[in-house]
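The data block below is upload.txt; it holds compact mmCIF, C-alpha atoms and all ligand atoms.
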# COMPACT_ATOMS: atom_id res chain seq x y z
CA MET M 1 2.05 -17.07 8.70
CA LYS M 2 4.86 -19.51 9.25
CA ASP M 3 6.47 -17.15 11.78
CA TYR M 4 3.37 -17.51 13.90
CA GLU M 5 4.03 -21.22 14.37
CA THR M 6 6.59 -20.19 16.98
CA LEU M 7 5.15 -16.82 17.99
CA PRO M 8 1.35 -16.96 17.93
CA PHE M 9 -0.80 -13.89 17.23
CA ILE M 10 -1.55 -11.83 20.30
CA PRO M 11 -5.27 -11.22 20.71
CA ILE M 12 -5.74 -7.81 22.30
CA LYS M 13 -8.55 -7.32 24.74
CA SER M 14 -8.27 -3.62 25.48
CA GLY M 15 -6.14 -0.54 25.15
CA SER M 16 -5.54 2.41 27.39
CA GLY M 17 -3.16 5.29 26.79
CA ALA M 18 0.04 4.02 25.22
CA TYR M 19 -0.68 0.44 26.40
CA LEU M 20 -2.39 -2.57 24.86
CA GLU M 21 -3.52 -5.49 27.03
CA ASP M 22 -4.02 -9.10 26.00
CA PHE M 23 -6.43 -11.68 27.43
CA ASP M 24 -3.81 -12.99 29.86
CA GLY M 25 -3.31 -9.57 31.38
CA ASN M 26 0.04 -8.90 29.65
CA ARG M 27 0.56 -5.25 28.75
CA TYR M 28 2.46 -3.93 25.75
CA LEU M 29 3.72 -0.40 25.37
CA ASP M 30 2.79 0.65 21.84
CA ALA M 31 6.05 2.32 20.79
CA ILE M 32 4.99 2.46 17.13
CA SER M 33 1.47 3.90 17.55
CA SER M 34 -0.05 0.77 15.99
CA TRP M 35 1.58 1.41 12.60
CA TRP M 36 1.90 5.14 13.01
CA VAL M 37 -1.79 5.92 13.33
CA ASN M 38 -2.41 6.44 17.02
CA LEU M 39 -1.76 9.96 18.28
CA PHE M 40 -3.55 10.29 21.61
CA GLY M 41 -3.52 6.80 23.03
CA HIS M 42 -5.87 3.85 22.81
CA ALA M 43 -9.48 4.29 23.95
CA ASN M 44 -8.92 8.00 24.39
CA PRO M 45 -11.87 9.24 26.49
CA TYR M 46 -12.36 12.46 24.51
CA ILE M 47 -12.32 10.84 21.06
CA ASN M 48 -14.51 7.99 22.37
CA GLU M 49 -17.07 10.50 23.59
CA LYS M 50 -17.15 12.41 20.31
CA ILE M 51 -17.61 9.22 18.28
CA LYS M 52 -20.35 8.01 20.62
CA SER M 53 -22.26 11.25 20.40
CA GLN M 54 -21.97 11.26 16.61
CA LEU M 55 -23.19 7.66 16.58
CA GLU M 56 -26.45 8.72 18.22
CA ASN M 57 -27.25 10.89 15.20
CA LEU M 58 -25.69 9.40 12.10
CA GLU M 59 -23.14 6.64 11.47
CA HIS M 60 -22.62 7.05 7.72
CA VAL M 61 -24.29 8.50 4.67
CA ILE M 62 -23.72 8.22 0.93
CA PHE M 63 -21.18 10.90 0.01
CA ALA M 64 -22.51 11.58 -3.47
CA GLY M 65 -25.17 14.26 -3.60
CA PHE M 66 -25.16 14.29 0.21
CA THR M 67 -22.81 15.58 2.83
CA HIS M 68 -22.78 15.86 6.62
CA LEU M 69 -21.71 18.22 9.36
CA PRO M 70 -18.51 16.46 10.54
CA ALA M 71 -17.17 16.40 6.94
CA VAL M 72 -17.92 20.09 6.39
CA GLU M 73 -16.35 21.03 9.72
CA LEU M 74 -13.28 18.89 9.01
CA ALA M 75 -12.82 20.33 5.52
CA GLU M 76 -13.01 23.90 6.83
CA ARG M 77 -10.52 23.17 9.60
CA LEU M 78 -8.03 21.40 7.35
CA VAL M 79 -8.06 24.22 4.81
CA LYS M 80 -7.11 26.61 7.62
CA LEU M 81 -4.34 24.32 8.91
CA ALA M 82 -2.77 23.14 5.65
CA PRO M 83 -0.02 24.95 3.73
CA ARG M 84 -1.38 27.91 1.76
CA GLY M 85 -3.18 27.41 -1.54
CA LEU M 86 -4.82 24.06 -0.73
CA GLU M 87 -8.46 25.07 -0.67
CA LYS M 88 -10.22 22.00 -2.01
CA LEU M 89 -10.60 18.57 -0.46
CA PHE M 90 -11.35 15.13 -1.80
CA PHE M 91 -12.34 12.48 0.73
CA ALA M 92 -11.35 8.80 0.51
CA ASP M 93 -10.93 6.11 3.14
CA ASN M 94 -7.30 4.99 3.42
CA GLY M 95 -3.80 6.17 2.61
CA SER M 96 -3.22 4.17 -0.56
CA SER M 97 -6.50 5.43 -2.00
CA ALA M 98 -5.42 9.01 -1.34
CA ILE M 99 -2.33 8.34 -3.45
CA GLU M 100 -4.46 6.82 -6.21
CA VAL M 101 -6.63 9.94 -6.17
CA ALA M 102 -3.64 12.32 -6.38
CA LEU M 103 -2.10 10.30 -9.24
CA LYS M 104 -5.36 10.10 -11.17
CA MET M 105 -6.04 13.80 -10.71
CA SER M 106 -2.53 14.75 -11.84
CA PHE M 107 -2.85 12.60 -14.95
CA GLN M 108 -6.36 13.75 -15.76
CA TYR M 109 -5.55 17.42 -15.21
CA PHE M 110 -3.23 17.25 -18.21
CA LYS M 111 -5.55 15.00 -20.18
CA ASN M 112 -8.36 17.50 -19.75
CA GLY M 113 -5.99 20.02 -21.32
CA GLY M 114 -5.26 17.73 -24.28
CA GLU M 115 -1.97 16.18 -23.12
CA VAL M 116 -1.33 12.55 -22.21
CA ARG M 117 1.32 12.50 -19.48
CA ASP M 118 1.68 8.88 -18.47
CA ILE M 119 4.76 8.94 -16.24
CA PHE M 120 5.12 9.59 -12.53
CA ILE M 121 8.41 10.40 -10.85
CA SER M 122 9.13 9.32 -7.30
CA LEU M 123 12.15 8.78 -5.07
CA GLU M 124 14.25 5.69 -4.67
CA ASN M 125 13.46 3.91 -1.40
CA SER M 126 9.97 5.43 -1.26
CA TYR M 127 6.74 3.84 -0.06
CA HIS M 128 3.29 5.13 -0.92
CA GLY M 129 0.98 2.21 -0.21
CA GLU M 130 0.10 -1.11 -1.79
CA THR M 131 -2.80 -0.62 -4.16
CA MET M 132 -1.60 -0.79 -7.77
CA GLY M 133 -0.95 2.91 -8.45
CA ALA M 134 0.56 3.51 -5.03
CA LEU M 135 2.74 0.42 -5.41
CA ALA M 136 3.87 1.59 -8.85
CA VAL M 137 5.28 4.86 -7.48
CA GLY M 138 6.87 3.14 -4.48
CA ASP M 139 10.36 1.69 -4.58
CA VAL M 140 10.61 -0.92 -1.84
CA ALA M 141 11.36 -4.12 -3.73
CA LEU M 142 9.88 -6.32 -1.02
CA TYR M 143 6.39 -5.04 -1.80
CA LYS M 144 6.75 -4.06 -5.43
CA GLU M 145 8.91 -6.54 -7.27
CA THR M 146 6.38 -9.36 -7.56
CA TYR M 147 3.88 -7.10 -9.33
CA GLY M 148 6.38 -5.38 -11.66
CA GLU M 149 4.73 -6.60 -14.86
CA ILE M 150 1.32 -5.15 -14.08
CA LEU M 151 2.14 -1.70 -12.72
CA ILE M 152 1.66 1.75 -14.30
CA LYS M 153 4.74 3.67 -15.47
CA SER M 154 6.95 5.35 -12.95
CA VAL M 155 10.62 6.25 -12.73
CA GLN M 156 12.69 7.01 -9.67
CA ALA M 157 15.17 9.75 -8.85
CA LYS M 158 17.84 9.45 -6.18
CA SER M 159 16.65 9.96 -2.63
CA PRO M 160 18.03 12.89 -0.61
CA ALA M 161 17.92 10.53 2.38
CA LEU M 162 20.51 8.28 0.74
CA VAL M 163 22.73 10.63 -1.27
CA GLU M 164 23.78 14.29 -0.89
CA GLU M 165 21.03 16.84 -1.52
CA ASP M 166 22.71 18.30 -4.63
CA GLU M 167 23.13 14.85 -6.16
CA ALA M 168 19.48 13.99 -5.45
CA LEU M 169 18.30 17.22 -7.07
CA GLU M 170 20.52 16.67 -10.08
CA SER M 171 19.09 13.19 -10.47
CA MET M 172 15.56 14.62 -10.22
CA GLU M 173 16.31 17.29 -12.79
CA ASN M 174 17.65 14.65 -15.16
CA ARG M 175 14.40 12.72 -14.78
CA LEU M 176 12.35 15.87 -15.37
CA LYS M 177 14.35 16.64 -18.53
CA GLN M 178 14.18 13.07 -19.78
CA TYR M 179 10.40 12.91 -19.30
CA ARG M 180 9.54 16.51 -20.19
CA GLY M 181 5.98 16.57 -21.49
CA ARG M 182 5.41 12.99 -20.32
CA ALA M 183 5.69 13.31 -16.53
CA SER M 184 2.62 14.64 -14.77
CA ALA M 185 3.75 14.59 -11.15
CA VAL M 186 6.56 14.04 -8.70
CA VAL M 187 5.50 12.29 -5.51
CA ILE M 188 7.51 12.35 -2.28
CA GLU M 189 7.29 11.47 1.40
CA PRO M 190 8.39 14.77 2.94
CA LEU M 191 11.34 14.60 5.41
CA VAL M 192 11.07 10.91 6.31
CA GLN M 193 10.83 7.85 4.07
CA CYS M 194 9.16 5.82 6.76
CA ALA M 195 8.69 2.31 5.38
CA GLY M 196 12.05 2.70 3.63
CA GLY M 197 13.75 2.40 7.03
CA MET M 198 12.96 5.83 8.53
CA ALA M 199 15.41 7.42 6.08
CA MET M 200 15.50 11.17 6.73
CA TYR M 201 16.41 14.31 4.81
CA ASP M 202 16.28 18.08 5.15
CA ALA M 203 13.48 20.49 4.31
CA SER M 204 15.79 22.41 1.97
CA TYR M 205 15.45 19.54 -0.55
CA ILE M 206 11.69 20.08 -0.64
CA THR M 207 12.05 23.83 -1.16
CA ARG M 208 14.43 23.27 -4.05
CA LEU M 209 12.34 20.41 -5.49
CA LYS M 210 9.26 22.63 -5.54
CA ALA M 211 11.18 25.18 -7.63
CA LEU M 212 12.27 22.40 -10.02
CA CYS M 213 8.71 21.11 -10.39
CA GLU M 214 7.50 24.61 -11.21
CA ARG M 215 10.28 25.08 -13.74
CA TYR M 216 9.39 21.83 -15.53
CA GLY M 217 5.62 22.25 -15.17
CA VAL M 218 4.82 19.10 -13.19
CA PHE M 219 2.80 18.69 -10.03
CA LEU M 220 4.35 17.99 -6.66
CA ILE M 221 2.40 15.50 -4.54
CA ALA M 222 3.17 15.47 -0.81
CA ASP M 223 2.47 12.10 0.74
CA GLU M 224 2.08 13.13 4.38
CA ILE M 225 0.10 10.01 5.21
CA ALA M 226 2.71 8.95 7.77
CA VAL M 227 4.39 12.26 8.63
CA GLY M 228 1.36 14.57 8.82
CA PHE M 229 -0.34 15.64 12.03
CA GLY M 230 2.66 16.60 14.08
CA ARG M 231 4.98 13.64 13.52
CA THR M 232 7.96 15.69 12.39
CA GLY M 233 7.42 18.48 14.93
CA THR M 234 5.19 20.71 12.82
CA MET M 235 1.57 20.01 11.94
CA PHE M 236 2.64 19.13 8.39
CA ALA M 237 6.20 18.32 7.33
CA PHE M 238 5.90 20.61 4.29
CA GLU M 239 5.63 23.66 6.57
CA GLN M 240 9.33 23.29 7.31
CA ALA M 241 10.12 23.87 3.64
CA GLY M 242 8.11 27.10 3.46
CA VAL M 243 6.38 26.04 0.23
CA SER M 244 3.10 24.33 -0.67
CA PRO M 245 2.63 21.12 -2.62
CA ASP M 246 0.05 20.86 -5.40
CA PHE M 247 -1.53 17.87 -3.69
CA LEU M 248 -1.39 16.96 -0.01
CA CYS M 249 -2.35 13.38 0.93
CA LEU M 250 -3.38 12.80 4.53
CA SER M 251 -4.54 9.70 6.42
CA LYS M 252 -3.32 7.58 9.38
CA GLY M 253 -3.19 10.09 12.29
CA ILE M 254 -6.06 12.11 10.84
CA THR M 255 -8.57 10.20 13.00
CA GLY M 256 -6.19 9.80 15.94
CA GLY M 257 -5.78 6.19 14.84
CA TYR M 258 -9.45 5.30 15.25
CA LEU M 259 -11.06 4.83 11.87
CA PRO M 260 -10.04 4.65 8.22
CA LEU M 261 -10.18 8.03 6.48
CA SER M 262 -8.05 9.98 4.05
CA VAL M 263 -8.18 13.27 2.23
CA VAL M 264 -6.40 14.76 -0.73
CA MET M 265 -6.10 18.52 -0.68
CA THR M 266 -5.43 20.59 -3.77
CA SER M 267 -5.80 24.07 -5.24
CA ASP M 268 -8.75 25.91 -6.70
CA GLU M 269 -6.84 25.92 -9.96
CA VAL M 270 -6.70 22.10 -10.12
CA TYR M 271 -10.33 21.89 -9.07
CA GLY M 272 -11.23 24.28 -11.89
CA ALA M 273 -9.75 21.93 -14.53
CA PHE M 274 -12.40 19.32 -13.71
CA TYR M 275 -15.37 21.64 -13.35
CA CYS M 276 -17.56 21.15 -16.37
CA ASP M 277 -20.93 20.17 -17.75
CA TYR M 278 -21.53 16.41 -17.60
CA VAL M 279 -21.27 15.97 -21.38
CA GLU M 280 -17.76 17.43 -21.51
CA GLY M 281 -16.49 14.36 -19.61
CA LYS M 282 -13.83 16.21 -17.67
CA SER M 283 -15.10 15.50 -14.19
CA PHE M 284 -13.10 13.47 -11.72
CA LEU M 285 -14.72 10.10 -11.09
CA HIS M 286 -13.49 8.25 -8.04
CA SER M 287 -15.57 6.89 -5.23
CA HIS M 288 -15.48 4.42 -2.36
CA SER M 289 -18.49 3.20 -0.40
CA TYR M 290 -17.10 4.55 2.86
CA THR M 291 -15.71 7.80 1.49
CA GLY M 292 -15.91 10.55 4.12
CA ASN M 293 -17.43 8.23 6.72
CA THR M 294 -19.30 10.26 9.32
CA LEU M 295 -17.85 8.58 12.41
CA ALA M 296 -14.33 8.84 10.98
CA CYS M 297 -14.84 12.57 10.33
CA ALA M 298 -16.11 12.99 13.90
CA ALA M 299 -12.96 11.23 15.17
CA ALA M 300 -10.87 13.55 12.97
CA ASN M 301 -12.56 16.64 14.37
CA ALA M 302 -12.00 15.32 17.91
CA THR M 303 -8.33 14.77 17.01
CA LEU M 304 -8.02 18.38 15.83
CA ASP M 305 -9.75 19.56 19.04
CA LEU M 306 -7.07 17.75 21.05
CA PHE M 307 -4.30 19.39 19.02
CA GLU M 308 -5.79 22.77 19.87
CA ASN M 309 -6.86 22.19 23.46
CA MET M 310 -3.77 20.33 24.61
CA LYS M 311 -1.24 22.53 22.76
CA VAL M 312 0.18 19.31 21.43
CA LEU M 313 2.87 20.63 19.10
CA GLU M 314 4.26 22.79 21.90
CA LYS M 315 4.17 19.99 24.47
CA ASN M 316 5.74 17.53 22.06
CA ARG M 317 8.88 19.65 22.01
CA GLU M 318 9.84 18.31 25.44
CA LYS M 319 9.21 14.73 24.34
CA ILE M 320 11.24 15.32 21.19
CA ALA M 321 14.14 16.58 23.35
CA HIS M 322 13.74 13.56 25.63
CA LEU M 323 13.89 11.19 22.69
CA GLU M 324 16.99 12.99 21.42
CA ARG M 325 18.73 12.51 24.78
CA SER M 326 17.72 8.84 24.91
CA LEU M 327 19.05 8.22 21.40
CA LYS M 328 22.56 9.35 22.31
CA ARG M 329 23.35 6.25 24.31
CA PHE M 330 22.72 4.05 21.25
CA ASP M 331 25.66 5.72 19.51
CA THR M 332 27.96 4.03 22.03
CA LEU M 333 26.98 0.54 20.81
CA LYS M 334 29.37 -1.16 18.40
CA ASN M 335 26.60 -2.59 16.22
CA VAL M 336 24.92 0.80 15.68
CA GLU M 337 25.58 2.45 12.31
CA GLU M 338 23.65 5.65 12.96
CA THR M 339 20.90 7.23 15.02
CA ARG M 340 18.56 9.83 13.53
CA GLN M 341 15.44 11.76 14.43
CA ARG M 342 12.82 14.08 12.99
CA GLY M 343 10.42 15.24 15.67
CA MET M 344 8.51 12.31 17.15
CA ILE M 345 10.23 9.78 14.90
CA ALA M 346 13.53 8.37 16.15
CA ALA M 347 15.54 5.57 14.54
CA VAL M 348 18.56 3.43 15.29
CA GLU M 349 20.17 1.79 12.26
CA LEU M 350 22.21 -1.33 12.97
CA LYS M 351 25.16 -2.53 10.95
CA GLY M 352 26.65 -5.78 9.87
CA TYR M 353 23.60 -8.04 9.89
CA ASP M 354 22.58 -10.21 6.97
CA PRO M 355 18.88 -9.56 6.12
CA ILE M 356 18.36 -13.33 6.03
CA ARG M 357 18.96 -13.43 9.77
CA ARG M 358 15.98 -11.12 10.37
CA ILE M 359 17.28 -9.38 13.45
CA GLY M 360 14.12 -7.25 13.36
CA LEU M 361 12.16 -10.33 14.32
CA GLU M 362 14.63 -11.13 17.12
CA ILE M 363 14.23 -7.60 18.50
CA TYR M 364 10.45 -7.75 18.13
CA ARG M 365 10.34 -10.93 20.21
CA TYR M 366 12.79 -9.66 22.80
CA ALA M 367 10.80 -6.44 23.27
CA LEU M 368 7.41 -8.20 23.40
CA SER M 369 8.61 -10.47 26.18
CA ARG M 370 9.47 -7.28 28.12
CA GLY M 371 6.17 -5.56 27.44
CA VAL M 372 7.09 -3.27 24.54
CA LEU M 373 5.79 -3.35 20.99
CA LEU M 374 8.65 -2.52 18.62
CA ARG M 375 8.54 -3.51 14.96
CA PRO M 376 11.91 -2.89 13.31
CA LEU M 377 12.12 -2.31 9.57
CA GLY M 378 14.96 -4.58 8.47
CA ASN M 379 18.01 -3.37 10.41
CA VAL M 380 16.30 -0.19 11.62
CA VAL M 381 14.79 -0.07 15.10
CA TYR M 382 12.52 2.94 15.50
CA PHE M 383 10.24 4.71 17.94
CA MET M 384 7.08 6.48 16.85
CA PRO M 385 5.09 6.71 20.07
CA PRO M 386 1.66 8.26 20.63
CA TYR M 387 1.88 11.88 21.79
CA ILE M 388 0.45 11.08 25.22
CA VAL M 389 3.53 8.97 26.02
CA THR M 390 5.02 9.79 29.44
CA ASP M 391 8.68 10.29 30.31
CA GLU M 392 8.70 6.91 32.06
CA GLU M 393 7.20 5.22 29.03
CA LEU M 394 9.77 6.84 26.76
CA GLU M 395 12.48 5.54 29.09
CA LYS M 396 10.98 2.09 29.07
CA MET M 397 10.78 1.79 25.27
CA THR M 398 14.31 3.04 24.72
CA ASP M 399 15.68 0.92 27.60
CA VAL M 400 14.14 -2.23 26.16
CA ALA M 401 15.40 -1.42 22.65
CA PHE M 402 18.85 -0.76 24.07
CA GLY M 403 18.76 -4.12 25.83
CA ALA M 404 17.60 -5.87 22.66
CA ILE M 405 20.34 -4.34 20.52
CA SER M 406 23.01 -5.01 23.15
CA ALA M 407 21.90 -8.64 23.38
CA LEU M 408 22.41 -9.27 19.63
CA SER M 409 25.39 -11.45 18.95
C1 LIG X 1 4.00 7.35 3.36
C2 LIG X 1 2.85 6.40 3.23
N1 LIG X 1 2.01 6.52 2.19
C3 LIG X 1 0.97 5.70 2.03
C4 LIG X 1 0.71 4.68 2.93
C5 LIG X 1 -0.45 3.78 2.70
O1 LIG X 1 -1.48 4.01 3.61
P1 LIG X 1 -2.53 2.84 3.92
O2 LIG X 1 -1.78 1.79 4.66
O3 LIG X 1 -3.59 3.50 4.76
O4 LIG X 1 -3.07 2.38 2.62
C6 LIG X 1 1.56 4.51 4.01
C7 LIG X 1 1.34 3.42 4.98
O5 LIG X 1 2.16 3.04 5.75
C8 LIG X 1 2.67 5.39 4.17
O6 LIG X 1 3.54 5.24 5.18

Encoded form (structure tokens):
Amino acid sequence: MKDYETLPFIPIKSGSGAYLEDFDGNRYLDAISSWWVNLFGHANPYINEKIKSQLENLEHVIFAGFTHLPAVELAERLVKLAPRGLEKLFFADNGSSAIEVALKMSFQYFKNGGEVRDIFISLENSYHGETMGALAVGDVALYKETYGEILIKSVQAKSPALVEEDEALESMENRLKQYRGRASAVVIEPLVQCAGGMAMYDASYITRLKALCERYGVFLIADEIAVGFGRTGTMFAFEQAGVSPDFLCLSKGITGGYLPLSVVMTSDEVYGAFYCDYVEGKSFLHSHSYTGNTLACAAANATLDLFENMKVLEKNREKIAHLERSLKRFDTLKNVEETRQRGMIAAVELKGYDPIRRIGLEIYRYALSRGVLLRPLGNVVYFMPPYIVTDEELEKMTDVAFGAISALS
């Protein structure tokens, strides 16, 4: 809040396409899709229309004992789109809750079979949300450290984004050996550890990790909350590894950035472990008031329509190539450590700056004053634009970032 003494909040009046507009008529190019949620621009006419027409019939309904058409349609569509073997869906209403659901289900799956497996394994530098379970499996000290004493048990293995793939897998195998019979699941952010500074790794790690998880009999949870829905070039990042996770957590882009919604997808086999008569006490109990909200599901179906009708993944290939070309010039700057990219996520890591200086804030201010919303993560400047971004807009966001980085002393 203290930062806002010198840079007040910006009240936004409207949005259109990749732009946001404040009450003084200033426009800001949303180069980060409003925290990675917006896929098809602000106030997208098609999604607006679909939400409005849903609103005429039903805004929300209790999701226990009742269901509704948009949820059924969405579930059927996601099962067709997701990696093979994920036939069952659990609805929740935000990303962190999806992680809680996947963790609880993994734990309870074993408990229903008579085993108490109280450890989760995740990667160093990972981020999975900020509710207590999600925070416990994350590894960004900034968010986690304060709450250390009150978190559930998790251990971390080395991240393939920070060390060589073989070393990361060896570290994971050591964890799996050490906690054999106690670990219920491994949870990862496939391909990109977003909040951990857009740290990237190859799909081959995921393929090999899946084999390890099978060998040691633990679940693999894919947190595609940030990278799902086309961000890494394919609909889901896991597709690039040619294997399926046991749980797939989706949120953020699922509604095109309109409304809070999340789903956890899993197999018939996992579902079967909870299917019982009430008295057996094996059912999965987890509910939120707004679970499977009707308007959010309508927005999600509209989002999937746009993917189909606009051939988005195909069209994004040109934008991905454009971003790649634009990134090259950053490599010429002396204060740039590295540039990297996975699909529609591009990052420029800077070197030699003390975190205390908060150059991210300097860059944020510089870009805002030139009409671009950038929000660096520490020393990492990144672009995660909506898919409707034009070539000119891509130029503008990278030009402004280039100017900001060049201007740093
Ligand atoms: C990979 C990942 N998982 C989980 C979350 C948490 O989602 P939410 O902010 O909706 O709780 C985020 C949010 O940034 C995320 O990037």

Inset, instruction - Considering all atoms listed in the file, return as a ChimeraX atom specification whatever protein or nucleic-acid residues lie within 10 Å of stretch 148-156 of chain M, sequence-local ones (same chain, fewer than 2 positions apart) excluded. - result: /M:118-126,131-139,141,143-146,158-159,171-172,175,179,183,185-187

Inset, instruction - Calculate how many Å separate atom CA of M:Leu368 from atom CA of M:Phe9, rounding to one decimal. - result: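 A separation of 11.7 Å between them.
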
Inset, instruction - For atom CA of M:Ala92 and atom CA of M:Gly256, determine how far apart the two atoms are, in Å to one decimal place. - result: 16.3 Å

Inset, instruction - May I have the residues within 7 Å of stretch 340-345 of chain M as a ChimeraX atom specification, using only C-alpha atoms and disregarding those fewer than 2 positions away in the same chain? - result: /M:231-233,320,338,347-348,383-384

Inset, instruction - Provide the atom CA of M:Asn316 to atom O1 of ligand LIG 1 (chain X) distance in Å, to one decimal place. - result: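 About the pair atom CA of M:Asn316 and atom O1 of ligand LIG 1 (chain X): they are 24.0 Å apart.
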
Legend entry - Expected selection as a list in words for ligand LIG 1 (chain X) within 6 Å, only C-alpha atoms and all ligand atoms: Asn94, Gly95, Ser96, Tyr127, His128, Gly129, Glu189, Cys194, Ala195, Asp223, Ile225 and Ala226 of chain M

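Closest to M:Asp202 among M:Leu142, M:Ala237, M:Ala367, M:Leu20 is M:Ala237, based on only C-alpha atoms.
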
Inset, instruction - Name the closest residue to M:Ser34 among the candidates M:Phe229, M:Phe66, M:Phe236, M:Tyr258; distances are taken between atoms, counting all atoms listed in the file. - result: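 Smallest separation from M:Ser34 among the options: M:Tyr258.
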
Legend entry - Who sits within 9 Å of M:Tyr382, all atoms listed in the file, same chain under 5 positions skipped, as number ranges by chain: M: 31-32, 197-198, 345-349, 374-377, 401

Just C-alpha atoms for this one: save the residues we selected as a short mmCIF file (atom, residue, chain, number, x, y, z; two decimals), in the frame of the given file.
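Result file follows (out14.cif):
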data_model
loop_
_atom_site.label_atom_id
_atom_site.label_comp_id
_atom_site.auth_asym_id
_atom_site.auth_seq_id
_atom_site.Cartn_x
_atom_site.Cartn_y
_atom_site.Cartn_z
CA ALA M 31 6.05 2.32 20.79
CA ILE M 32 4.99 2.46 17.13
CA GLY M 197 13.75 2.40 7.03
CA MET M 198 12.96 5.83 8.53
CA ILE M 345 10.23 9.78 14.90
CA ALA M 346 13.53 8.37 16.15
CA ALA M 347 15.54 5.57 14.54
CA VAL M 348 18.56 3.43 15.29
CA GLU M 349 20.17 1.79 12.26
CA LEU M 374 8.65 -2.52 18.62
CA ARG M 375 8.54 -3.51 14.96
CA PRO M 376 11.91 -2.89 13.31
CA LEU M 377 12.12 -2.31 9.57
CA ALA M 401 15.40 -1.42 22.65
#

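Distance annotation: of M:Leu212, M:Leu361, M:Val380, M:Ala71, the residue with the minimal separation from M:Lys177 is M:Leu212; atom set is only C-alpha atoms.
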
Legend entry - M:Glu100, M:Glu59, M:Asp30, M:Glu170 ranked by distance to M:Phe247, top pick (using all atoms listed in the file): M:Glu100

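When all atoms listed in the file are used to measure the gap to M:Gly228, the shortest distance among M:Pro83, M:Gly352, M:Gly113, M:Gly371 belongs to M:Pro83.
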
Inset, instruction - Determine the nearest neighbour of M:Arg27 from the options M:Leu394, M:Val372, M:Ala407, M:Leu220, counting all atoms listed in the file. - result: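 Distance minimum relative to M:Arg27 lands on M:Val372.
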
Inset, instruction - Using all atoms listed in the file, find all polymer residues with an atom at most 6 Å away from the point (18.5, -4.2, 20.5); report them as a list in words. - result: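 Residues lying no farther than 6 Å from the given point: Ile363, Ala401, Phe402, Gly403, Ala404, Ile405 and Ser406 of chain M.
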
With 3 Å of padding per side, what axis-aligned box (centre and edge lengths, Å, one decimal) covers all the listed atoms of stretch 254-269 of chain M? Give it as lines of an AutoDock Vina configuration file.
center_x = -8.2
center_y = 15.3
center_z = 3.0
size_x = 11.6
size_y = 27.3
size_z = 31.9

Report the closest atom pair, with its distance in Å rounded to one decimal, for each residue of stretch 105-162 of chain M that has an atom no farther than 12 Å from stretch 214-217 of chain M; count all atoms listed in the file, sort by chain and then rising residue number, and write it as CSV.
residue,atom,partner,partner_atom,distance
M:Ser106,CA,M:Gly217,CA,11.6
M:Phe110,CA,M:Gly217,CA,10.6
M:Arg117,CA,M:Gly217,CA,11.5

If you take all atoms listed in the file and a cut-off of 8 Å, which residues of stretch 36-100 of chain M touch stretch 293-300 of chain M, and what are their nearest atom pairs and distances in Å to one decimal, in chain and number order, as a tab-separated table?
residue	atom	partner	partner_atom	distance
M:Ile47	CA	M:Ala299	CA	5.9
M:Lys50	CA	M:Ala298	CA	6.5
M:Ile51	CA	M:Leu295	CA	5.9
M:Gln54	CA	M:Leu295	CA	6.5
M:Leu55	CA	M:Leu295	CA	6.8
M:Leu58	CA	M:Thr294	CA	7.0
M:Glu59	CA	M:Thr294	CA	5.7
M:His60	CA	M:Thr294	CA	4.9
M:Val61	CA	M:Thr294	CA	7.0
M:His68	CA	M:Thr294	CA	7.1
M:Pro70	CA	M:Cys297	CA	5.4
M:Ala71	CA	M:Cys297	CA	5.6
M:Leu74	CA	M:Cys297	CA	6.6
M:Asp93	CA	M:Asn293	CA	7.7

Could I get stretch 396-403 of chain M from the block written out with N, CA and C atoms, as a JSON list (two decimals), in the first residue's frame?
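Dumped everything to part-v9.json:
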[["chain", "number", "residue", "atom", "x", "y", "z"],
["M", 396, "LYS", "N", 4.66, -2.56, -29.97],
["M", 396, "LYS", "CA", 4.62, -1.51, -28.95],
["M", 396, "LYS", "C", 5.08, -2.05, -27.58],
["M", 397, "MET", "N", 4.57, -3.22, -27.20],
["M", 397, "MET", "CA", 4.93, -3.72, -25.85],
["M", 397, "MET", "C", 6.41, -4.06, -25.76],
["M", 398, "THR", "N", 6.95, -4.61, -26.85],
["M", 398, "THR", "CA", 8.38, -4.97, -26.77],
["M", 398, "THR", "C", 9.25, -3.71, -26.89],
["M", 399, "ASP", "N", 8.80, -2.75, -27.70],
["M", 399, "ASP", "CA", 9.55, -1.48, -27.81],
["M", 399, "ASP", "C", 9.65, -0.78, -26.45],
["M", 400, "VAL", "N", 8.50, -0.71, -25.77],
["M", 400, "VAL", "CA", 8.48, -0.01, -24.48],
["M", 400, "VAL", "C", 9.35, -0.76, -23.46],
["M", 401, "ALA", "N", 9.26, -2.08, -23.47],
["M", 401, "ALA", "CA", 10.10, -2.86, -22.53],
["M", 401, "ALA", "C", 11.57, -2.65, -22.85],
["M", 402, "PHE", "N", 11.88, -2.62, -24.13],
["M", 402, "PHE", "CA", 13.27, -2.40, -24.54],
["M", 402, "PHE", "C", 13.76, -1.05, -24.04],
["M", 403, "GLY", "N", 12.91, -0.04, -24.20],
["M", 403, "GLY", "CA", 13.25, 1.31, -23.73],
["M", 403, "GLY", "C", 13.46, 1.32, -22.22]]
